[in-house]
>>> print(open('structure.tsv').read())   # TSV, C-alpha atoms (C1' of nucleotides)
chain	number	residue	atom	x	y	z
A	110	MET	CA	54.34	-7.79	49.04
A	111	LYS	CA	51.09	-5.89	49.38
A	112	ILE	CA	48.10	-6.79	47.25
A	113	ASN	CA	47.67	-3.89	44.87
A	114	ASN	CA	44.54	-2.40	43.39
A	115	GLU	CA	45.67	-3.22	39.90
A	116	ALA	CA	45.49	-6.92	40.81
A	117	ILE	CA	41.96	-6.61	42.20
A	118	GLU	CA	40.87	-4.67	39.13
A	119	ARG	CA	42.49	-7.17	36.79
A	120	LEU	CA	40.69	-10.09	38.42
A	121	ASN	CA	37.38	-8.24	38.44
A	122	SER	CA	37.52	-7.09	34.85
A	123	PHE	CA	38.26	-10.64	33.66
A	124	GLY	CA	35.58	-12.25	35.80
A	125	VAL	CA	37.88	-14.00	38.26
A	126	LYS	CA	36.47	-14.18	41.78
A	127	PRO	CA	39.21	-12.89	44.07
A	128	SER	CA	40.79	-14.82	46.92
A	129	MET	CA	43.96	-14.45	48.96
A	130	GLN	CA	45.86	-16.84	46.74
A	131	ARG	CA	44.56	-15.49	43.44
A	132	LEU	CA	45.34	-11.93	44.45
A	133	ALA	CA	48.81	-12.96	45.56
A	134	VAL	CA	49.53	-14.66	42.22
A	135	MET	CA	48.05	-11.77	40.22
A	136	THR	CA	49.97	-9.21	42.28
A	137	TYR	CA	53.15	-11.22	41.84
A	138	LEU	CA	52.74	-11.37	38.08
A	139	LEU	CA	51.99	-7.65	37.83
A	140	LYS	CA	55.09	-6.82	39.87
A	141	HIS	CA	57.51	-9.34	38.38
A	142	ARG	CA	57.56	-8.95	34.62
A	143	THR	CA	60.11	-11.74	34.35
A	144	HIS	CA	57.78	-14.31	32.72
A	145	PRO	CA	58.07	-16.58	35.76
A	146	THR	CA	57.33	-20.28	35.87
A	147	VAL	CA	54.84	-21.83	38.31
A	148	GLU	CA	57.82	-23.03	40.35
A	149	ALA	CA	59.19	-19.49	40.64
A	150	ILE	CA	55.83	-18.01	41.59
A	151	TYR	CA	55.31	-20.75	44.15
A	152	LEU	CA	58.72	-20.42	45.78
A	153	ASP	CA	58.49	-16.64	46.05
A	154	LEU	CA	54.96	-16.64	47.46
A	155	CYS	CA	55.65	-19.37	49.99
A	156	SER	CA	57.21	-16.94	52.48
A	157	GLN	CA	54.12	-14.76	52.26
A	158	ILE	CA	51.53	-17.57	52.33
A	159	PRO	CA	53.22	-20.47	54.13
A	160	THR	CA	50.27	-22.83	53.55
A	161	LEU	CA	50.32	-22.24	49.78
A	162	SER	CA	50.16	-25.33	47.63
A	163	LYS	CA	51.83	-25.62	44.27
A	164	THR	CA	48.60	-27.10	42.94
A	165	THR	CA	46.87	-23.84	43.82
A	166	VAL	CA	49.41	-21.91	41.78
A	167	TYR	CA	48.80	-24.28	38.86
A	168	ASN	CA	45.03	-23.93	39.28
A	169	THR	CA	45.27	-20.17	39.53
A	170	VAL	CA	47.45	-19.50	36.51
A	171	LYS	CA	45.27	-21.85	34.47
A	172	LEU	CA	42.18	-19.91	35.52
A	173	LEU	CA	43.83	-16.57	34.83
A	174	VAL	CA	44.87	-17.73	31.36
A	175	GLU	CA	41.42	-19.14	30.56
A	176	GLN	CA	39.84	-15.83	31.52
A	177	GLY	CA	42.40	-13.87	29.54
A	178	ALA	CA	43.81	-12.04	32.54
A	179	VAL	CA	47.37	-13.19	31.85
A	180	ALA	CA	49.23	-14.69	28.88
A	181	GLU	CA	50.82	-18.12	28.80
A	182	LEU	CA	54.11	-18.41	26.94
A	183	THR	CA	55.26	-21.64	25.31
A	184	ILE	CA	58.60	-20.15	24.24
A	185	ASP	CA	60.50	-22.45	26.60
A	186	ASP	CA	60.36	-26.17	25.96
A	187	LYS	CA	60.79	-26.97	29.67
A	188	ASN	CA	58.11	-24.98	31.46
A	189	LEU	CA	55.21	-22.75	30.74
A	190	ARG	CA	55.75	-19.10	31.61
A	191	TYR	CA	53.26	-16.45	32.58
A	192	ASP	CA	53.04	-12.79	31.65
A	193	SER	CA	50.72	-10.19	33.11
A	194	ASP	CA	51.47	-7.93	30.15
A	195	ILE	CA	48.66	-8.78	27.77
A	196	SER	CA	49.37	-5.95	25.36
A	197	THR	CA	50.85	-6.58	21.92
A	198	HIS	CA	54.49	-7.59	22.17
A	199	ALA	CA	56.89	-10.38	21.20
A	200	HIS	CA	59.39	-12.36	23.24
A	201	PHE	CA	63.04	-13.24	22.87
A	202	LYS	CA	64.78	-16.19	24.49
A	203	CYS	CA	68.53	-16.79	24.53
A	204	CYS	CA	69.02	-20.45	23.67
A	205	HIS	CA	72.36	-20.45	25.49
A	206	CYS	CA	71.66	-18.92	28.92
A	207	GLY	CA	67.86	-18.91	28.93
A	208	TYR	CA	67.51	-15.12	29.24
A	209	LEU	CA	64.00	-14.05	28.32
A	210	CYS	CA	62.76	-10.56	27.49
A	211	ASP	CA	60.03	-8.54	25.82
A	212	ILE	CA	60.39	-7.20	22.30
A	213	PRO	CA	58.20	-4.35	21.05
A	214	VAL	CA	56.22	-5.09	17.94
A	215	ARG	CA	53.88	-3.14	15.69
A	216	LYS	CA	50.24	-3.90	16.51
A	217	SER	CA	49.57	-4.86	12.92
A	218	THR	CA	52.05	-7.75	13.16
A	219	LEU	CA	50.18	-9.43	16.00
A	220	LEU	CA	46.48	-8.72	15.68
A	221	SER	CA	44.64	-10.10	18.70
A	222	VAL	CA	41.44	-11.41	17.10
A	223	LYS	CA	41.02	-12.26	13.44
A	224	LYS	CA	39.92	-14.84	10.95
A	225	ILE	CA	42.26	-16.81	8.73
A	226	GLY	CA	40.20	-18.85	6.30
A	227	GLY	CA	37.79	-20.73	8.53
A	228	LEU	CA	40.04	-20.42	11.56
A	229	THR	CA	39.18	-18.14	14.45
A	230	VAL	CA	42.39	-16.78	15.93
A	231	SER	CA	42.06	-15.51	19.49
A	232	GLU	CA	45.72	-15.23	20.32
A	233	SER	CA	49.05	-14.76	18.54
A	234	GLN	CA	52.51	-15.26	19.91
A	235	LEU	CA	55.72	-14.18	18.24
A	236	TYR	CA	58.87	-15.77	19.59
A	237	TYR	CA	62.44	-14.89	18.69
A	238	LYS	CA	65.25	-17.23	19.64
A	239	GLY	CA	69.00	-16.76	19.42
A	240	TYR	CA	71.81	-15.34	21.51
A	241	CYS	CA	71.68	-12.45	23.96
A	242	GLU	CA	74.44	-9.81	23.94
A	243	LYS	CA	76.58	-11.58	26.57
A	244	CYS	CA	76.31	-15.00	24.95
A	245	SER	CA	76.92	-13.58	21.45
A	246	LYS	CA	80.25	-12.23	22.65
A	247	LEU	CA	81.09	-15.51	24.37
A	248	MET	CA	80.41	-17.38	21.13
A	249	GLU	CA	82.78	-15.13	19.14
A	250	LYS	CA	85.66	-15.92	21.50
A	251	ILE	CA	85.29	-19.67	21.13
B	81	MET	CA	58.78	-45.96	3.13
B	82	LYS	CA	61.81	-45.58	0.90
B	83	ILE	CA	64.62	-43.24	1.86
B	84	ASN	CA	64.42	-40.40	-0.62
B	85	ASN	CA	67.16	-38.31	-2.14
B	86	GLU	CA	65.76	-35.18	-0.58
B	87	ALA	CA	66.48	-36.64	2.85
B	88	ILE	CA	70.07	-37.48	1.94
B	89	GLU	CA	70.58	-34.02	0.48
B	90	ARG	CA	69.03	-32.34	3.50
B	91	LEU	CA	71.34	-34.19	5.88
B	92	ASN	CA	74.37	-33.46	3.73
B	93	SER	CA	73.68	-29.79	3.26
B	94	PHE	CA	73.26	-29.29	7.01
B	95	GLY	CA	76.34	-31.27	7.95
B	96	VAL	CA	74.56	-34.27	9.46
B	97	LYS	CA	76.35	-37.56	8.89
B	98	PRO	CA	73.76	-39.95	7.49
B	99	SER	CA	72.77	-43.26	9.06
B	100	MET	CA	69.82	-45.63	8.65
B	101	GLN	CA	67.99	-44.09	11.58
B	102	ARG	CA	68.75	-40.47	10.70
B	103	LEU	CA	67.66	-40.99	7.11
B	104	ALA	CA	64.48	-42.69	8.28
B	105	VAL	CA	63.61	-39.80	10.59
B	106	MET	CA	64.48	-37.18	7.97
B	107	THR	CA	62.51	-39.02	5.29
B	108	TYR	CA	59.57	-39.34	7.66
B	109	LEU	CA	59.56	-35.63	8.42
B	110	LEU	CA	59.82	-34.69	4.75
B	111	LYS	CA	56.89	-36.95	3.90
B	112	HIS	CA	54.65	-36.21	6.87
B	113	ARG	CA	54.12	-32.49	7.15
B	114	THR	CA	51.91	-33.00	10.19
B	115	HIS	CA	54.34	-31.53	12.74
B	116	PRO	CA	54.67	-34.89	14.46
B	117	THR	CA	55.86	-35.50	18.00
B	118	VAL	CA	58.78	-37.81	18.84
B	119	GLU	CA	56.22	-40.40	19.95
B	120	ALA	CA	54.46	-40.29	16.57
B	121	ILE	CA	57.71	-40.54	14.61
B	122	TYR	CA	58.85	-43.41	16.80
B	123	LEU	CA	55.63	-45.40	16.54
B	124	ASP	CA	55.44	-45.02	12.77
B	125	LEU	CA	59.07	-45.95	12.16
B	126	CYS	CA	59.00	-48.97	14.46
B	127	SER	CA	57.45	-51.19	11.79
B	128	GLN	CA	60.22	-50.22	9.39
B	129	ILE	CA	63.10	-50.41	11.87
B	130	PRO	CA	62.00	-52.86	14.57
B	131	THR	CA	65.10	-52.29	16.68
B	132	LEU	CA	64.57	-48.52	16.77
B	133	SER	CA	64.84	-46.90	20.16
B	134	LYS	CA	62.86	-43.86	21.20
B	135	THR	CA	66.08	-42.38	22.55
B	136	THR	CA	67.50	-42.49	19.03
B	137	VAL	CA	64.54	-40.50	17.76
B	138	TYR	CA	65.11	-37.97	20.53
B	139	ASN	CA	68.83	-37.81	19.73
B	140	THR	CA	68.17	-37.50	16.03
B	141	VAL	CA	65.60	-34.71	16.13
B	142	LYS	CA	67.80	-32.81	18.57
B	143	LEU	CA	70.73	-33.12	16.18
B	144	LEU	CA	68.62	-32.12	13.18
B	145	VAL	CA	67.34	-29.06	15.03
B	146	GLU	CA	70.82	-28.04	16.20
B	147	GLN	CA	72.10	-28.25	12.64
B	148	GLY	CA	69.11	-26.33	11.31
B	149	ALA	CA	67.83	-29.14	9.14
B	150	VAL	CA	64.38	-29.13	10.75
B	151	ALA	CA	62.39	-26.71	12.92
B	152	GLU	CA	61.24	-27.39	16.45
B	153	LEU	CA	57.82	-26.04	17.40
B	154	THR	CA	56.91	-25.12	20.96
B	155	ILE	CA	53.32	-24.26	20.04
B	156	ASP	CA	51.98	-27.19	22.07
B	157	ASP	CA	52.52	-27.15	25.82
B	158	LYS	CA	52.59	-30.95	25.99
B	159	ASN	CA	55.18	-32.07	23.44
B	160	LEU	CA	57.70	-30.61	21.09
B	161	ARG	CA	56.81	-30.94	17.43
B	162	TYR	CA	59.04	-31.14	14.40
B	163	ASP	CA	58.71	-29.61	10.97
B	164	SER	CA	60.85	-30.30	7.92
B	165	ASP	CA	59.49	-27.16	6.30
B	166	ILE	CA	62.10	-24.59	7.27
B	167	SER	CA	60.78	-21.88	4.98
B	168	THR	CA	59.03	-18.80	6.35
B	169	HIS	CA	55.59	-19.68	7.68
B	170	ALA	CA	53.47	-19.49	10.83
B	171	HIS	CA	51.46	-22.14	12.66
B	172	PHE	CA	47.93	-22.38	13.98
B	173	LYS	CA	46.75	-24.64	16.77
B	174	CYS	CA	43.14	-25.27	17.74
B	175	CYS	CA	43.02	-25.08	21.52
B	176	HIS	CA	39.91	-27.29	21.55
B	177	CYS	CA	40.80	-30.29	19.36
B	178	GLY	CA	44.54	-29.81	18.97
B	179	TYR	CA	44.43	-29.48	15.17
B	180	LEU	CA	47.68	-27.96	13.91
B	181	CYS	CA	48.36	-26.43	10.51
B	182	ASP	CA	50.63	-24.12	8.55
B	183	ILE	CA	49.73	-20.51	7.90
B	184	PRO	CA	51.40	-18.56	5.10
B	185	VAL	CA	53.11	-15.37	6.16
B	186	ARG	CA	54.94	-12.57	4.37
B	187	LYS	CA	58.71	-13.03	4.57
B	188	SER	CA	59.10	-9.56	6.05
B	189	THR	CA	57.05	-10.57	9.11
B	190	LEU	CA	59.42	-13.39	10.06
B	191	LEU	CA	62.92	-12.51	9.03
B	192	SER	CA	65.22	-15.46	9.64
B	193	VAL	CA	68.37	-13.71	10.88
B	194	LYS	CA	68.51	-10.23	12.33
B	195	LYS	CA	69.67	-8.07	15.18
B	196	ILE	CA	67.38	-6.49	17.74
B	197	GLY	CA	69.41	-4.18	19.95
B	198	GLY	CA	72.26	-6.38	21.13
B	199	LEU	CA	70.30	-9.57	20.55
B	200	THR	CA	71.19	-11.92	17.70
B	201	VAL	CA	68.01	-13.55	16.46
B	202	SER	CA	68.55	-16.78	14.58
B	203	GLU	CA	64.99	-18.01	14.53
B	204	SER	CA	61.46	-16.61	14.73
B	205	GLN	CA	58.25	-18.48	15.36
B	206	LEU	CA	54.77	-17.05	14.93
B	207	TYR	CA	52.01	-19.05	16.59
B	208	TYR	CA	48.28	-18.47	16.26
B	209	LYS	CA	45.91	-20.14	18.68
B	210	GLY	CA	42.13	-20.31	18.65
B	211	TYR	CA	39.39	-22.48	17.19
B	212	CYS	CA	39.41	-24.41	13.92
B	213	GLU	CA	36.38	-24.30	11.63
B	214	LYS	CA	34.78	-27.43	13.13
B	215	CYS	CA	35.30	-26.36	16.73
B	216	SER	CA	34.12	-22.78	16.02
B	217	LYS	CA	30.79	-24.17	14.83
B	218	LEU	CA	30.57	-26.50	17.82
B	219	MET	CA	31.11	-23.54	20.15
B	220	GLU	CA	28.29	-21.53	18.55
B	221	LYS	CA	25.80	-24.33	19.20
B	222	ILE	CA	26.59	-24.52	22.91
C	7	DA	C1'	91.46	-59.38	6.38
C	8	DT	C1'	92.13	-57.86	11.30
C	9	DT	C1'	92.54	-54.72	14.77
C	10	DT	C1'	91.30	-50.62	16.84
C	11	DA	C1'	89.15	-46.21	17.98
C	12	DA	C1'	85.37	-43.40	17.57
C	13	DA	C1'	80.62	-42.68	16.77
C	14	DA	C1'	75.89	-44.14	16.86
C	15	DT	C1'	72.34	-46.76	18.85
C	16	DT	C1'	69.92	-48.98	22.41
C	17	DG	C1'	67.55	-49.90	26.92
C	18	DT	C1'	66.83	-48.66	31.37
C	19	DA	C1'	66.54	-45.61	35.00
C	20	DA	C1'	66.05	-40.97	36.60
C	21	DT	C1'	64.19	-36.43	36.39
C	22	DT	C1'	60.75	-33.12	36.19
C	23	DA	C1'	56.52	-30.53	34.84
C	24	DT	C1'	51.93	-31.07	35.08
C	25	DT	C1'	47.45	-33.13	36.16
C	26	DA	C1'	44.03	-36.01	38.75
C	27	DC	C1'	41.69	-36.55	42.63
C	28	DA	C1'	40.07	-37.00	47.23
C	29	DA	C1'	40.08	-34.66	51.61
C	30	DT	C1'	39.94	-30.49	53.99
C	31	DT	C1'	39.08	-25.74	54.64
C	32	DG	C1'	36.85	-21.44	53.76
C	33	DT	C1'	32.90	-18.46	52.22
C	34	DG	C1'	28.42	-16.68	51.67
C	35	DT	C1'	23.61	-17.23	52.43
C	36	DA	C1'	19.10	-18.80	54.28
D	206	DT	C1'	23.88	-21.56	63.21
D	207	DA	C1'	23.50	-24.76	59.51
D	208	DC	C1'	24.12	-25.73	54.91
D	209	DA	C1'	25.79	-25.86	50.11
D	210	DC	C1'	29.29	-24.66	47.20
D	211	DA	C1'	33.73	-23.14	45.92
D	212	DA	C1'	38.61	-22.92	46.79
D	213	DT	C1'	42.65	-24.90	48.58
D	214	DT	C1'	45.65	-28.49	49.83
D	215	DG	C1'	48.53	-32.77	49.68
D	216	DT	C1'	49.52	-36.84	47.62
D	217	DA	C1'	49.77	-39.84	43.98
D	218	DA	C1'	49.78	-40.59	39.06
D	219	DT	C1'	51.10	-39.42	34.37
D	220	DA	C1'	53.97	-38.41	30.74
D	221	DA	C1'	57.77	-36.05	28.17
D	222	DT	C1'	62.42	-35.78	28.16
D	223	DT	C1'	67.20	-36.61	29.55
D	224	DA	C1'	71.18	-39.15	31.59
D	225	DC	C1'	73.97	-42.74	31.20
D	226	DA	C1'	76.15	-47.11	30.70
D	227	DA	C1'	76.32	-51.04	27.60
D	228	DT	C1'	76.26	-52.67	23.08
D	229	DT	C1'	76.61	-52.35	18.20
D	230	DT	C1'	78.09	-50.22	14.02
D	231	DT	C1'	81.25	-47.70	11.17
D	232	DA	C1'	85.50	-46.24	9.28
D	233	DA	C1'	90.29	-46.03	9.30
D	234	DA	C1'	94.90	-48.03	9.97
D	235	DT	C1'	97.82	-51.80	10.08
>>> encode(input="structure.tsv", output="structure tokens")
Amino acid sequence: MKINNEAIERLNSFGVKPSMQRLAVMTYLLKHRTHPTVEAIYLDLCSQIPTLSKTTVYNTVKLLVEQGAVAELTIDDKNLRYDSDISTHAHFKCCHCGYLCDIPVRKSTLLSVKKIGGLTVSESQLYYKGYCEKCSKLMEKI
Amino acid sequence: MKINNEAIERLNSFGVKPSMQRLAVMTYLLKHRTHPTVEAIYLDLCSQIPTLSKTTVYNTVKLLVEQGAVAELTIDDKNLRYDSDISTHAHFKCCHCGYLCDIPVRKSTLLSVKKIGGLTVSESQLYYKGYCEKCSKLMEKI
DNA sequence: ATTTAAAATTGTAATTATTACAATTGTGTA
DNA sequence: TACACAATTGTAATAATTACAATTTTAAAT
């Protein structure tokens, strides 16, 4: 996997000082829109950067999230997941097979910064849970 | 804490066979709308049921969630939280102090059962994250 | 009432994601 | 080249949750 310009630009525009590892993680997230876990990112990048430490991946995604360069999803109760798509959209997770995907949403539904009473909301997440097409059909048969 | 009728009715109407422990957990959740963790439920109920096991609390909340009698929140990356309010509403979490509260929401925003493409959505969760009133003011001073 | 089977509860051990932290390595500058 | 600082690494610790076997409780049948 080559480092792409989009990754460099993303880091720069969110004030993240680039490094080999950070660019690799950012590039990975931009390329793989699968909402990967730290484990998945780590395992895939290991072949490219054999000295990579899982701690570095943890440090990096934390930094990227803090700076707003990527989104952190808490849709799964097991692991945190990361998404380089920081535009307005929702997520669906199949509670049977774990399948996870994006769901388009009107911007008005998920406004990025607003006030609710005294609360300052900087981030909104809309999660849908249920059964994917495959698992729905499986359920009917049982 | 007395077991209340609402707890018995809730278990019955969601097909959960009642027991001392299940009623205690259900009653606790109906009374404490603080979105408690398993740990919190366990610690509070220990004085009432000294033989209570944390595993039982885990088993019970899992059962209640499966049957739809309570909602499970994944808003916090550390622990799962449980909510006996299964009506349409969103949640806010302060990412500085951890404060968690309910946010009213129009029913149309979070429809409880629908289809999106081939996906069968049985549950929607809307999470807001940011700073509570106290923490917002703290931030300004720094 | 007694026996019996099934279900619920308990306690302990295992698993796993994440964080803490100290040591090492890398980077940029004087 | 030397120095200070930041980033990375590896290991150990923490903590939430699950697995599982043993025990207790419940409910039904004799």
>>> residues_around(input="structure.tsv", residues="DT230 in chain D", least_positions_apart="5", cutoff="12 Å", atoms="all atoms listed in the file", output="PDB file with C-alpha atoms (C1' of nucleotides), in the coordinates of the input")
ATOM      1  CA  SER B  99      72.770 -43.260   9.060  1.00  0.00           C
ATOM      2  CA  MET B 100      69.820 -45.630   8.650  1.00  0.00           C
TER       3      MET B 100
ATOM      4  C1'  DA C  12      85.370 -43.400  17.570  1.00  0.00           C
ATOM      5  C1'  DA C  13      80.620 -42.680  16.770  1.00  0.00           C
ATOM      6  C1'  DA C  14      75.890 -44.140  16.860  1.00  0.00           C
ATOM      7  C1'  DT C  15      72.340 -46.760  18.850  1.00  0.00           C
ATOM      8  C1'  DT C  16      69.920 -48.980  22.410  1.00  0.00           C
TER       9       DT C  16
END
>>> atom_distance(input="structure.tsv", atom1="CA of Leu132 in chain B", atom2="CA of Glu89 in chain B")
22.6 Å
>>> atom_distance(input="structure.tsv", atom1="CA of Val201 in chain B", atom2="CA of Glu152 in chain B")
15.4 Å
>>> atom_distance(input="structure.tsv", atom1="CA of Pro116 in chain B", atom2="C1' of DG17 in chain C")
23.4 Å
>>> residues_around(input="structure.tsv", residues="DA218 in chain D", least_positions_apart="3", cutoff="12 Å", atoms="all atoms listed in the file", output="PyMOL selection string")
chain C and resi 24-27
>>> interface_residues(input="structure.tsv", of="chain B", to="chain C", cutoff="12 Å", atoms="all atoms listed in the file", output="PDB file with C-alpha atoms, in the frame of the given file")
ATOM      1  CA  LYS B  97      76.350 -37.560   8.890  1.00  0.00           C
ATOM      2  CA  PRO B  98      73.760 -39.950   7.490  1.00  0.00           C
ATOM      3  CA  SER B  99      72.770 -43.260   9.060  1.00  0.00           C
ATOM      4  CA  MET B 100      69.820 -45.630   8.650  1.00  0.00           C
ATOM      5  CA  GLN B 101      67.990 -44.090  11.580  1.00  0.00           C
ATOM      6  CA  ARG B 102      68.750 -40.470  10.700  1.00  0.00           C
ATOM      7  CA  PRO B 130      62.000 -52.860  14.570  1.00  0.00           C
ATOM      8  CA  THR B 131      65.100 -52.290  16.680  1.00  0.00           C
ATOM      9  CA  LEU B 132      64.570 -48.520  16.770  1.00  0.00           C
ATOM     10  CA  SER B 133      64.840 -46.900  20.160  1.00  0.00           C
ATOM     11  CA  LYS B 134      62.860 -43.860  21.200  1.00  0.00           C
ATOM     12  CA  THR B 135      66.080 -42.380  22.550  1.00  0.00           C
ATOM     13  CA  THR B 136      67.500 -42.490  19.030  1.00  0.00           C
ATOM     14  CA  VAL B 137      64.540 -40.500  17.760  1.00  0.00           C
ATOM     15  CA  TYR B 138      65.110 -37.970  20.530  1.00  0.00           C
ATOM     16  CA  ASN B 139      68.830 -37.810  19.730  1.00  0.00           C
ATOM     17  CA  THR B 140      68.170 -37.500  16.030  1.00  0.00           C
ATOM     18  CA  ASP B 157      52.520 -27.150  25.820  1.00  0.00           C
ATOM     19  CA  LYS B 158      52.590 -30.950  25.990  1.00  0.00           C
ATOM     20  CA  ASN B 159      55.180 -32.070  23.440  1.00  0.00           C
TER      21      ASN B 159
END
>>> residues_near_point(input="structure.tsv", point="(64.8, -39.8, -1.3)", cutoff="12 Å", atoms="all atoms listed in the file", output="PyMOL selection string")
chain B and resi 81-91+103-111
>>> residues_around(input="structure.tsv", residues="His176 in chain B", least_positions_apart="5", cutoff="10 Å", atoms="all atoms listed in the file", output="ChimeraX atom specification")
/B:209-212,214-216,219
>>> closest_atom_pairs(input="structure.tsv", of="chain A", to="chain B", cutoff="12 Å", atoms="all atoms listed in the file", output="tab-separated table")
residue	atom	partner	partner_atom	distance
A:Glu175	CA	B:Cys175	CA	10.9
A:Glu181	CA	B:Asp157	CA	9.7
A:Leu182	CA	B:Asp157	CA	9.0
A:Thr183	CA	B:Thr154	CA	5.8
A:Ile184	CA	B:Thr154	CA	6.2
A:Asp185	CA	B:Thr154	CA	7.2
A:Asp186	CA	B:Thr154	CA	6.2
A:Lys187	CA	B:Asp157	CA	9.1
A:Asn188	CA	B:Asp157	CA	8.2
A:Leu189	CA	B:Asp157	CA	7.1
A:Arg190	CA	B:Asp157	CA	10.4
A:His198	CA	B:Leu206	CA	11.9
A:Ala199	CA	B:Leu206	CA	9.4
A:His200	CA	B:Ser204	CA	9.7
A:Phe201	CA	B:Val201	CA	8.1
A:Lys202	CA	B:Val201	CA	9.0
A:Cys203	CA	B:Leu199	CA	8.4
A:Cys204	CA	B:Ser202	CA	9.8
A:His205	CA	B:Thr200	CA	11.6
A:Tyr208	CA	B:Leu199	CA	10.7
A:Leu209	CA	B:Leu199	CA	11.0
A:Cys210	CA	B:Leu199	CA	10.3
A:Asp211	CA	B:Ile196	CA	11.1
A:Ile212	CA	B:Ile196	CA	8.4
A:Pro213	CA	B:Ile196	CA	10.0
A:Val214	CA	B:Thr189	CA	10.4
A:Arg215	CA	B:Thr189	CA	10.4
A:Ser217	CA	B:Thr189	CA	10.2
A:Thr218	CA	B:Thr189	CA	7.0
A:Leu219	CA	B:Leu206	CA	9.0
A:Leu220	CA	B:Tyr208	CA	9.9
A:Ser221	CA	B:Tyr208	CA	9.4
A:Val222	CA	B:Gly210	CA	9.1
A:Lys223	CA	B:Gly210	CA	9.7
A:Lys224	CA	B:Gly210	CA	9.7
A:Ile225	CA	B:Ile183	CA	8.4
A:Gly226	CA	B:Glu213	CA	8.5
A:Gly227	CA	B:Glu213	CA	4.9
A:Leu228	CA	B:Cys212	CA	4.7
A:Thr229	CA	B:Tyr211	CA	5.1
A:Val230	CA	B:Gly210	CA	4.5
A:Ser231	CA	B:Gly210	CA	4.9
A:Glu232	CA	B:Lys209	CA	5.2
A:Ser233	CA	B:Tyr208	CA	4.4
A:Gln234	CA	B:Tyr207	CA	5.1
A:Leu235	CA	B:Leu206	CA	4.5
A:Tyr236	CA	B:Gln205	CA	5.1
A:Tyr237	CA	B:Ser204	CA	4.4
A:Lys238	CA	B:Glu203	CA	5.2
A:Gly239	CA	B:Val201	CA	4.5
A:Tyr240	CA	B:Thr200	CA	5.2
A:Cys241	CA	B:Leu199	CA	4.7
A:Glu242	CA	B:Gly198	CA	4.9
A:Lys243	CA	B:Gly198	CA	8.7
A:Cys244	CA	B:Leu199	CA	9.2
A:Ser245	CA	B:Thr200	CA	7.0
A:Lys246	CA	B:Gly198	CA	10.0
A:Met248	CA	B:Thr200	CA	11.3
>>> closest_residue(input="structure.tsv", among="B:Leu125, B:Val118, B:Leu218, B:Val96", to="chain D", atoms="all atoms listed in the file")
B:Val118
>>> closest_residue(input="structure.tsv", among="D:DA232, D:DA217, D:DA227, D:DA212", to="chain A", atoms="all atoms listed in the file")
D:DA212
>>> interface_residues(input="structure.tsv", of="chain D", to="chain A", cutoff="10 Å", atoms="all atoms listed in the file", output="ChimeraX atom specification")
/D:212-215,221-222
